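Student: Submitted below is the structure of interest, expressed as structure tokens.
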Amino acid sequence: MQPIISFENFTFQYRAQKEPSLADINLSINQGEKVLIAGASGSGKSTLANCINGLIPFNHKGTASGSCKVNGVDTSKLSVFELSKIVGTVLQDTDGQFVGLTAGEDIAFSLENNCLPKEEMLPQVKTAACKTGIGDAFLDTSPFDLSGGQKQRVSMAGILVDDIQILLFDEPLASLDPSTGKNTIALIDKIRHDTSKTVIIIEHRLEDVLYRDVDRVVIMHDGRIVSDMPTAKLLSGSLLREHGLREPLYISAMRYAGIAPAEEHKLARIDQLTLSQGDKATIKNWYQNLPPAEAEQNQQELLRVSNLNFTYPSKDRTLQNISFTITRGEMTAIVGTNGAGKSTMAKLICGFEQLDSGKIELFGQDITEETIFNRAKHIGYVMQNPNQMICKPMIFDEVALGLVNQGIDEAEIKQRVEATLEICGLHPFRNWPVSALSYGQKKRVTIASVLVMNPEIIILDEPTAGQDYRHYTEIMEFLKALQAKGVTVLLITHDMHLMLEYAPRALVFSGGNLVADLPSATLLCDPVLSEKASLKETSLFHLAAECEIDDPAAFTRCFIEYERAKS
Amino acid sequence: MFAQTLSVKTIVAIGIGTALFFLLARFASIPVFANTTLTFQYALLAFFAVLFGPIAGLIIGLAGHILTDLHFGWGLWWSWIIVSGVVGFAFGVMMKGVNVDEGEFEKKSSIIRFIVCSAIIHVISWGVIAPVLDILIYSQPANRVFTQGLIASIGNIITTAVVGTILLFAYSKAKPKTGSLSKDR
Amino acid sequence: MRAGGTKTGLSYIDKNTPVHRLTGASKLLMVLFLSLSAMITFDTRLLAIIVVLSFILFVVSRVPLREMKMIAGFLVFILAMNTIITYLFAPEEGVRIYGTRTEIFHIIGRYYITQEQLFYQFNQTLKYLAILPLALIFFVTTEPSEFAASLNKIGVNYKIAYSVTLALRYIPTVMREYREISQAQQARGVDLSKNVKITTRVRGMVSIMFPLIITSIDRIDRIANAMELRSFGKNKTRTWYQSRPFKKVDYFVITLSALLIVAAIVMGIINGGRFLNPFV
């Protein structure tokens, strides 16, 4: 049978790049296969996706050699439009690809562009909406009233209105919380079974994608394909770690306990994992011999929020009766569904919004009436997207901005900026333009620009969003080092690994209430509470249950400690 | 028709540019003195016209101004709406050939050209076209509309020349150029 | 327009009235034709007809009292301002236009009240009343989703028409982004208030606009890719999910408003100029 996608000795180099982003790619995918393409940022996996859907070579300019065929035809001989009849692409930005004013319009978008008469559109739109579980009731809803997951379903429906053969998902989990992501993976699987289309998923969160069966995993590194094999076989080897990808936690745990993961363990999915009695005993034994994880020492109280109430100007959402304290030098995660109030909580602490009633104290002093700028000398806020903060072309000026605005003299500014750049590992770049930095380095610049004010607390909004494992570790280790210097860190996050590994404590927001304040490991071993916070329980919880370990949270904590000590 | 040849990117730029024009005209003003505020939508309009061409400038000016008037709720002030379109179009035409994406705005000559263009475009648009339209449509007294136009053009020249230049220059600096990126940047 | 949580100013009001039932395209043509004829003519009678007509349209569209009051409030303010400024600048403009001078009384210096000036300023006020609020009828009675289809129907290229949809779609997004950026910059001491020098305020504005533009340019790329991947720009035309077929009443309305343009031109010929001159 002729493969539906085939690359032969394919190389591609973007115009703005010095080196090729794809080198010597040989890959073939058959009709009806479900393939995961994984790799770190910059590995070329998104470039590969763009070659399949035709954005390369039509929209992104560059030079290509070798061949890339879809349905047996070289893509350079087809247009983006012709290819879009064969390949449907769902992009990672759920907001950017929703171009209609209502869900119905957005689903109909492709039909409109293909000049389908209006009367024929409605039934097709309804059918497609049905396939992705959107339902008729939502067709007149505007994107502002839809959640990220719902918007993604609309996008999928917008692809399925056309009779395409290949479904291509470019980082479908990147902008979703874990619980929604899990549903997305299940939905993709359902669509595949209902329609027997070829499915290609580009993602670096391996464990999350493997929630449902995948035929094959292709691993990319530095623009090359370094592995292409069935899932179970890949997981039993050590390729993942070598290429900057996170191995599923339960497999790491098996390794640490001294079990060599093998195909007969059915490694691909935690719910199918098969361990012998001996294996189970080995793991349990390993756990019991670990030193118990130390409980955090309570220290000086830094921030206290008491009986806080807040209603949005639009009156549709509120925060009710929130109280908690943060002690000095903690790293705490603020978690919850989108719209549960976690970002608002941060904004209230920073003074961006004014509370209706209640009190916020810093070192026992009431700061409820303080201005944004005065609070900023104690509380730093780092936005999710560094591009939203950076406003100077040069790094030094960017970091100095806050001090210049405070009217501090030049000599002191220079000294403080240089000291901060040193801490952030940016000193060698101090005279560089910001544009020359990577995303992760830009993130550091924004952290530096906040740190330079010497705040006691910094609040970071989704610090690791869109980061692969390596960059993510880099950022988090940096924050951990800051924490060791006495800076208190609050993280607004959806990232479960981040919580487990770095934030011992979690504040869980749901529907405008603070519903739990507990150790992260306990939260992620509580399926009900996790669901409420749009998270999902960690696979270590299942492994612990499988091995008849009675305290999965303690097992999880020990695992993290062990891993930390090991590296 | 010429519009058919516009790239999808230009179309999207028109949409987003219009949204930004509206935002800046309506919600982002800084107080100057007494009841006067300074707004920056024309600096943005110039930016988008230079980057995406005269048609983009024209539509962003027209649509952005219509949305702004609508949001104020006082009805549509057609003469000034048309002039906003003319301003955007003129920036696109007069700055044609300056490829900001490839760093050409970092040259002194481009910056001077931009500032000179700002002066010419605003003086002609607000000092001549707008008053003439007001005379034609509303039969307004000439001395009144020309005085009004002159005041408007001064404010717009300053905001466009200063803020527009800084934005274009900074954007050009922030943009990676052909063959300039190596791995892991 | 839908502005996600910031619903101020004028926006679509969902009602089922004869005006709402007209297709967007015919309403658009109607307000354009009526506006055009109001721009052309200075004939008092014709202007009065257009003012009455647009008032009737507002009533039939059942625009809520609150909105009507808001529009009226603005109009009274603008017209009052305009009348005063025009008089201060050109107290003899009426005399110049109508060629006669019928003094009523003298205020001070060069400021006299003349019949000609009164009539000229009355006509001008009528003109503003005819032109300014007219287009609002289109926006309060047409769903934003139908704007683009309407523009396309009256001959605007579909790509350009779609850019209007995109603008409406992304206004709330850029507004949220602007708010977030300005909050983060305020935390770094950016101050746009009167407490600091004007140059500092302008610099502050730049430090908000720059990140806003950079993120917008990124967004443009992403949206353009998403649209092309779904065939936008493939054909010379496109169909619209939100379009509605023309009915008899649509043709009637368009013809009627086109006739008013003819009337404006005819009256100009009869009056021997744009102005109706009762003084000769």
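Here, A, B, ... name the chains of the structure tokens in the order displayed, residue numbers run from 1 inside each chain, and ligands are numbered from 1 in the same displayed order.
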Can you list every residue of chain A that has an atom at most 7 Å from chain B, with its nearest atom pair and the distance in Å to one decimal, using only C-alpha atoms, ordered by chain then number, as a tab-separated table?

Tutor:
residue	atom	partner	partner_atom	distance
A:Arg15	CA	B:Thr178	CA	5.6
A:Ala16	CA	B:Thr178	CA	4.0
A:Gln17	CA	B:Leu181	CA	4.7
A:Lys18	CA	B:Gly179	CA	5.0
A:Glu19	CA	B:Ser182	CA	6.4
A:Pro393	CA	B:Ala170	CA	6.0
A:Val434	CA	B:Ala174	CA	6.9
A:Ser435	CA	B:Ala174	CA	4.6
A:Ala436	CA	B:Arg185	CA	6.6
A:Leu437	CA	B:Arg185	CA	5.6
A:Ser438	CA	B:Arg185	CA	4.5

Student: For the residues in the current selection, export N, CA and C atoms as a compact mmCIF listing (two decimals), in the first residue's frame.

Tutor:
# COMPACT_ATOMS: atom_id res chain seq x y z
N ARG A 15 14.29 30.98 5.94
CA ARG A 15 15.11 32.07 5.42
C ARG A 15 15.88 32.77 6.54
N ALA A 16 15.28 32.91 7.71
CA ALA A 16 15.95 33.65 8.78
C ALA A 16 16.95 32.79 9.57
N GLN A 17 17.05 31.52 9.22
CA GLN A 17 17.92 30.62 10.00
C GLN A 17 19.24 30.36 9.29
N LYS A 18 20.26 30.14 10.08
CA LYS A 18 21.56 29.83 9.49
C LYS A 18 21.69 28.36 9.14
N GLU A 19 20.97 27.52 9.89
CA GLU A 19 21.07 26.08 9.67
C GLU A 19 19.71 25.51 9.32
N PRO A 393 14.35 47.72 23.51
CA PRO A 393 15.11 46.82 22.63
C PRO A 393 16.36 46.23 23.30
N VAL A 434 17.21 42.47 22.89
CA VAL A 434 16.32 41.44 23.41
C VAL A 434 15.95 40.44 22.31
N SER A 435 15.87 40.95 21.06
CA SER A 435 15.43 40.09 19.96
C SER A 435 16.36 38.90 19.72
N ALA A 436 17.60 39.00 20.21
CA ALA A 436 18.54 37.92 19.95
C ALA A 436 18.38 36.77 20.94
N LEU A 437 17.45 36.91 21.89
CA LEU A 437 17.33 35.89 22.93
C LEU A 437 16.28 34.83 22.58
N SER A 438 16.43 33.66 23.17
CA SER A 438 15.42 32.62 23.03
C SER A 438 14.23 32.96 23.93

Student: What are the residues of chain C that have an atom within 8 Å of an atom of chain A, counting only C-alpha atoms, as a VMD selection string?

Tutor: chain C and resid 4 to 6 144 to 145 165 to 166 168 to 169 181 183 to 190 206 to 208 210 to 212 214 to 215 219 222 to 223 225 to 235 237 to 243

Student: Create the file for the chosen residues now, containing N, CA and C atoms and written as a short mmCIF file (atom, residue, chain, number, x, y, z; two decimals), in the first residue's frame.

Tutor:
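Contents of the output file part.cif:
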data_model
loop_
_atom_site.label_atom_id
_atom_site.label_comp_id
_atom_site.auth_asym_id
_atom_site.auth_seq_id
_atom_site.Cartn_x
_atom_site.Cartn_y
_atom_site.Cartn_z
N GLY C 4 -17.02 41.72 24.93
CA GLY C 4 -16.71 40.88 26.09
C GLY C 4 -16.60 41.58 27.43
N GLY C 5 -17.69 41.88 28.04
CA GLY C 5 -17.63 42.44 29.37
C GLY C 5 -17.58 43.96 29.38
N THR C 6 -17.21 44.57 28.28
CA THR C 6 -17.16 46.02 28.26
C THR C 6 -18.20 46.55 27.30
N PRO C 144 -23.68 41.83 14.33
CA PRO C 144 -22.31 42.00 13.84
C PRO C 144 -21.90 40.89 12.87
N SER C 145 -22.43 39.69 13.10
CA SER C 145 -22.10 38.57 12.21
C SER C 145 -22.53 38.86 10.78
N THR C 165 -15.09 41.60 10.25
CA THR C 165 -15.42 40.54 11.20
C THR C 165 -14.25 40.31 12.15
N LEU C 166 -13.06 40.26 11.57
CA LEU C 166 -11.88 40.01 12.40
C LEU C 166 -11.69 41.12 13.43
N LEU C 168 -13.98 43.00 14.79
CA LEU C 168 -14.98 42.84 15.86
C LEU C 168 -14.62 41.65 16.74
N ARG C 169 -14.14 40.58 16.10
CA ARG C 169 -13.80 39.38 16.83
C ARG C 169 -12.66 39.63 17.81
N ILE C 181 -1.16 44.35 29.91
CA ILE C 181 0.16 44.96 29.71
C ILE C 181 0.27 46.23 30.54
N GLN C 183 -1.24 47.02 33.24
CA GLN C 183 -1.11 46.71 34.67
C GLN C 183 0.32 46.30 35.02
N ALA C 184 0.87 45.42 34.17
CA ALA C 184 2.23 44.96 34.45
C ALA C 184 3.21 46.12 34.37
N GLN C 185 2.99 47.03 33.43
CA GLN C 185 3.91 48.16 33.31
C GLN C 185 3.71 49.16 34.45
N GLN C 186 2.49 49.28 34.94
CA GLN C 186 2.28 50.15 36.10
C GLN C 186 3.05 49.62 37.30
N ALA C 187 3.12 48.31 37.40
CA ALA C 187 3.87 47.72 38.50
C ALA C 187 5.35 48.07 38.39
N ARG C 188 5.79 48.37 37.18
CA ARG C 188 7.19 48.76 37.02
C ARG C 188 7.31 50.29 37.01
N GLY C 189 6.26 50.95 37.43
CA GLY C 189 6.35 52.39 37.62
C GLY C 189 5.92 53.23 36.45
N VAL C 190 5.37 52.62 35.41
CA VAL C 190 4.87 53.42 34.30
C VAL C 190 3.64 54.20 34.78
N VAL C 206 4.41 54.53 25.20
CA VAL C 206 5.21 53.72 24.28
C VAL C 206 5.52 52.37 24.90
N SER C 207 5.81 52.37 26.20
CA SER C 207 6.18 51.08 26.81
C SER C 207 4.97 50.18 26.99
N ILE C 208 3.78 50.69 26.74
CA ILE C 208 2.61 49.80 26.68
C ILE C 208 2.33 49.40 25.23
N PHE C 210 4.37 49.22 22.66
CA PHE C 210 5.34 48.35 21.99
C PHE C 210 5.05 46.86 22.21
N PRO C 211 4.92 46.42 23.48
CA PRO C 211 4.58 45.00 23.65
C PRO C 211 3.23 44.63 23.01
N LEU C 212 2.31 45.57 23.03
CA LEU C 212 0.99 45.33 22.43
C LEU C 212 1.14 45.05 20.92
N ILE C 214 3.97 44.07 19.34
CA ILE C 214 4.73 42.84 19.11
C ILE C 214 3.83 41.61 19.23
N THR C 215 3.02 41.57 20.30
CA THR C 215 2.15 40.40 20.45
C THR C 215 1.08 40.38 19.36
N ARG C 219 0.20 37.48 16.66
CA ARG C 219 -1.16 37.00 16.53
C ARG C 219 -1.60 37.03 15.07
N ARG C 222 -0.40 34.00 13.31
CA ARG C 222 -1.11 32.77 13.68
C ARG C 222 -2.50 32.71 13.06
N ILE C 223 -3.21 33.85 13.10
CA ILE C 223 -4.57 33.86 12.56
C ILE C 223 -4.52 33.65 11.04
N ASN C 225 -2.35 32.07 9.25
CA ASN C 225 -2.10 30.65 8.97
C ASN C 225 -3.36 29.82 9.16
N ALA C 226 -4.03 30.08 10.28
CA ALA C 226 -5.24 29.30 10.57
C ALA C 226 -6.28 29.52 9.49
N MET C 227 -6.39 30.74 8.98
CA MET C 227 -7.40 31.03 7.95
C MET C 227 -7.03 30.38 6.63
N GLU C 228 -5.76 30.45 6.27
CA GLU C 228 -5.36 29.85 5.01
C GLU C 228 -5.52 28.34 5.02
N LEU C 229 -5.25 27.76 6.20
CA LEU C 229 -5.41 26.31 6.31
C LEU C 229 -6.87 25.90 6.16
N ARG C 230 -7.76 26.88 6.26
CA ARG C 230 -9.17 26.58 6.04
C ARG C 230 -9.69 27.32 4.80
N SER C 231 -8.81 27.44 3.83
CA SER C 231 -9.18 27.86 2.46
C SER C 231 -9.59 29.32 2.29
N PHE C 232 -9.27 30.19 3.25
CA PHE C 232 -9.64 31.59 3.04
C PHE C 232 -8.77 32.17 1.93
N GLY C 233 -9.41 32.80 0.96
CA GLY C 233 -8.67 33.40 -0.15
C GLY C 233 -8.52 32.46 -1.33
N LYS C 234 -9.11 31.28 -1.24
CA LYS C 234 -8.97 30.30 -2.32
C LYS C 234 -9.69 30.76 -3.58
N ASN C 235 -10.93 31.22 -3.42
CA ASN C 235 -11.73 31.58 -4.60
C ASN C 235 -11.92 33.08 -4.71
N THR C 237 -14.79 34.47 -4.84
CA THR C 237 -15.93 34.87 -4.02
C THR C 237 -16.02 33.90 -2.85
N ARG C 238 -16.96 34.16 -1.99
CA ARG C 238 -17.25 33.17 -0.95
C ARG C 238 -18.71 33.34 -0.56
N THR C 239 -19.26 32.30 0.08
CA THR C 239 -20.65 32.40 0.54
C THR C 239 -20.61 32.73 2.03
N TRP C 240 -21.77 33.07 2.59
CA TRP C 240 -21.80 33.51 3.99
C TRP C 240 -22.85 32.74 4.77
N TYR C 241 -22.41 32.18 5.87
CA TYR C 241 -23.29 31.45 6.79
C TYR C 241 -24.40 32.38 7.30
N GLN C 242 -24.06 33.65 7.41
CA GLN C 242 -25.00 34.60 8.02
C GLN C 242 -25.78 35.43 7.01
N SER C 243 -25.72 35.08 5.72
CA SER C 243 -26.41 35.94 4.75
C SER C 243 -27.89 35.59 4.71
#

Student: Of the residues C:Thr41, C:Ile13, C:Phe89, C:Tyr170, which is the one nearest to B:Gln148, using only C-alpha atoms?

Tutor: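 Of the candidates, the smallest distance to B:Gln148 is held by C:Phe89.
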
Student: Give as a count of residues only every residue of chain B that touches chain C within 7 Å, counting only C-alpha atoms.

Tutor: 31

Student: Measure the distance from atom CA of A:Ser175 to atom CA of A:Lys34 in Å and round it to one decimal.

Tutor: 21.8 Å

Student: Quick one: distance from atom CA of A:Met496 to atom CA of A:Ser236 in Å, one decimal?

Tutor: 23.5 Å

Student: List every residue of stretch 489-523 of chain A that DSSP, applied to the backbone of this structure, places in strand (DSSP E), and write the result as a PDB file with C-alpha atoms, in the first residue's frame.

Tutor:
ATOM      1  CA  VAL A 489       7.462  32.362  44.944  1.00  0.00           C
ATOM      2  CA  LEU A 490       3.797  32.024  44.001  1.00  0.00           C
ATOM      3  CA  LEU A 491       3.041  30.114  40.824  1.00  0.00           C
ATOM      4  CA  ILE A 492      -0.230  30.211  38.952  1.00  0.00           C
ATOM      5  CA  ARG A 505       1.927  23.388  48.734  1.00  0.00           C
ATOM      6  CA  ALA A 506      -1.105  24.051  46.561  1.00  0.00           C
ATOM      7  CA  LEU A 507      -3.993  26.479  46.914  1.00  0.00           C
ATOM      8  CA  VAL A 508      -6.950  25.140  44.954  1.00  0.00           C
ATOM      9  CA  PHE A 509      -9.508  27.600  43.585  1.00  0.00           C
ATOM     10  CA  SER A 510     -12.855  26.507  42.249  1.00  0.00           C
ATOM     11  CA  ASN A 513     -13.758  29.820  46.379  1.00  0.00           C
ATOM     12  CA  LEU A 514     -10.573  28.577  47.925  1.00  0.00           C
ATOM     13  CA  VAL A 515     -11.584  24.934  48.226  1.00  0.00           C
ATOM     14  CA  ALA A 516      -8.369  23.402  49.469  1.00  0.00           C
ATOM     15  CA  ASP A 517      -4.979  24.310  50.866  1.00  0.00           C
ATOM     16  CA  LEU A 518      -2.877  21.150  50.963  1.00  0.00           C
ATOM     17  CA  PRO A 519       0.370  19.470  49.922  1.00  0.00           C
TER      18      PRO A 519
END

Student: When distances are computed from only C-alpha atoms, which of B:Phe105, B:Ile151, B:Met95, B:Ser79 shows the smallest separation from B:Pro131?

Tutor: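 Using only C-alpha atoms, B:Pro131 sits closest to B:Ser79.
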
Student: Write out as number ranges by chain which residues come within 12 Å of B:Trp126 when counting only C-alpha atoms, dropping same-chain ones fewer than 2 positions away.

Tutor: B: 79-87, 118-124, 128-134, 145-157

Student: Show which residues sit within 8 Å of stretch 41-50 of chain A, as a PyMOL selection string. Count only C-alpha atoms, and ignore same-chain residues fewer than 6 positions away.

Tutor: (chain A and resi 21-22+56+168+170+202+220-224+467-468) or (chain B and resi 183-184)

Student: What does the distance between atom CA of A:Ala253 and atom CA of A:Phe559 come to in Å, to one decimal place?

Tutor: 7.0 Å

Student: What are the DSSP helix (DSSP H, G or I) residues of stretch 419-512 of chain A, as JSON, numbers by chain?

Tutor: {"A": [419, 420, 421, 422, 423, 427, 428, 429, 434, 435, 436, 439, 440, 441, 442, 443, 444, 445, 446, 447, 448, 449, 450, 451, 469, 470, 471, 472, 473, 474, 475, 476, 477, 478, 479, 480, 481, 482, 483, 484, 496, 497, 498, 499, 500, 501, 502]}
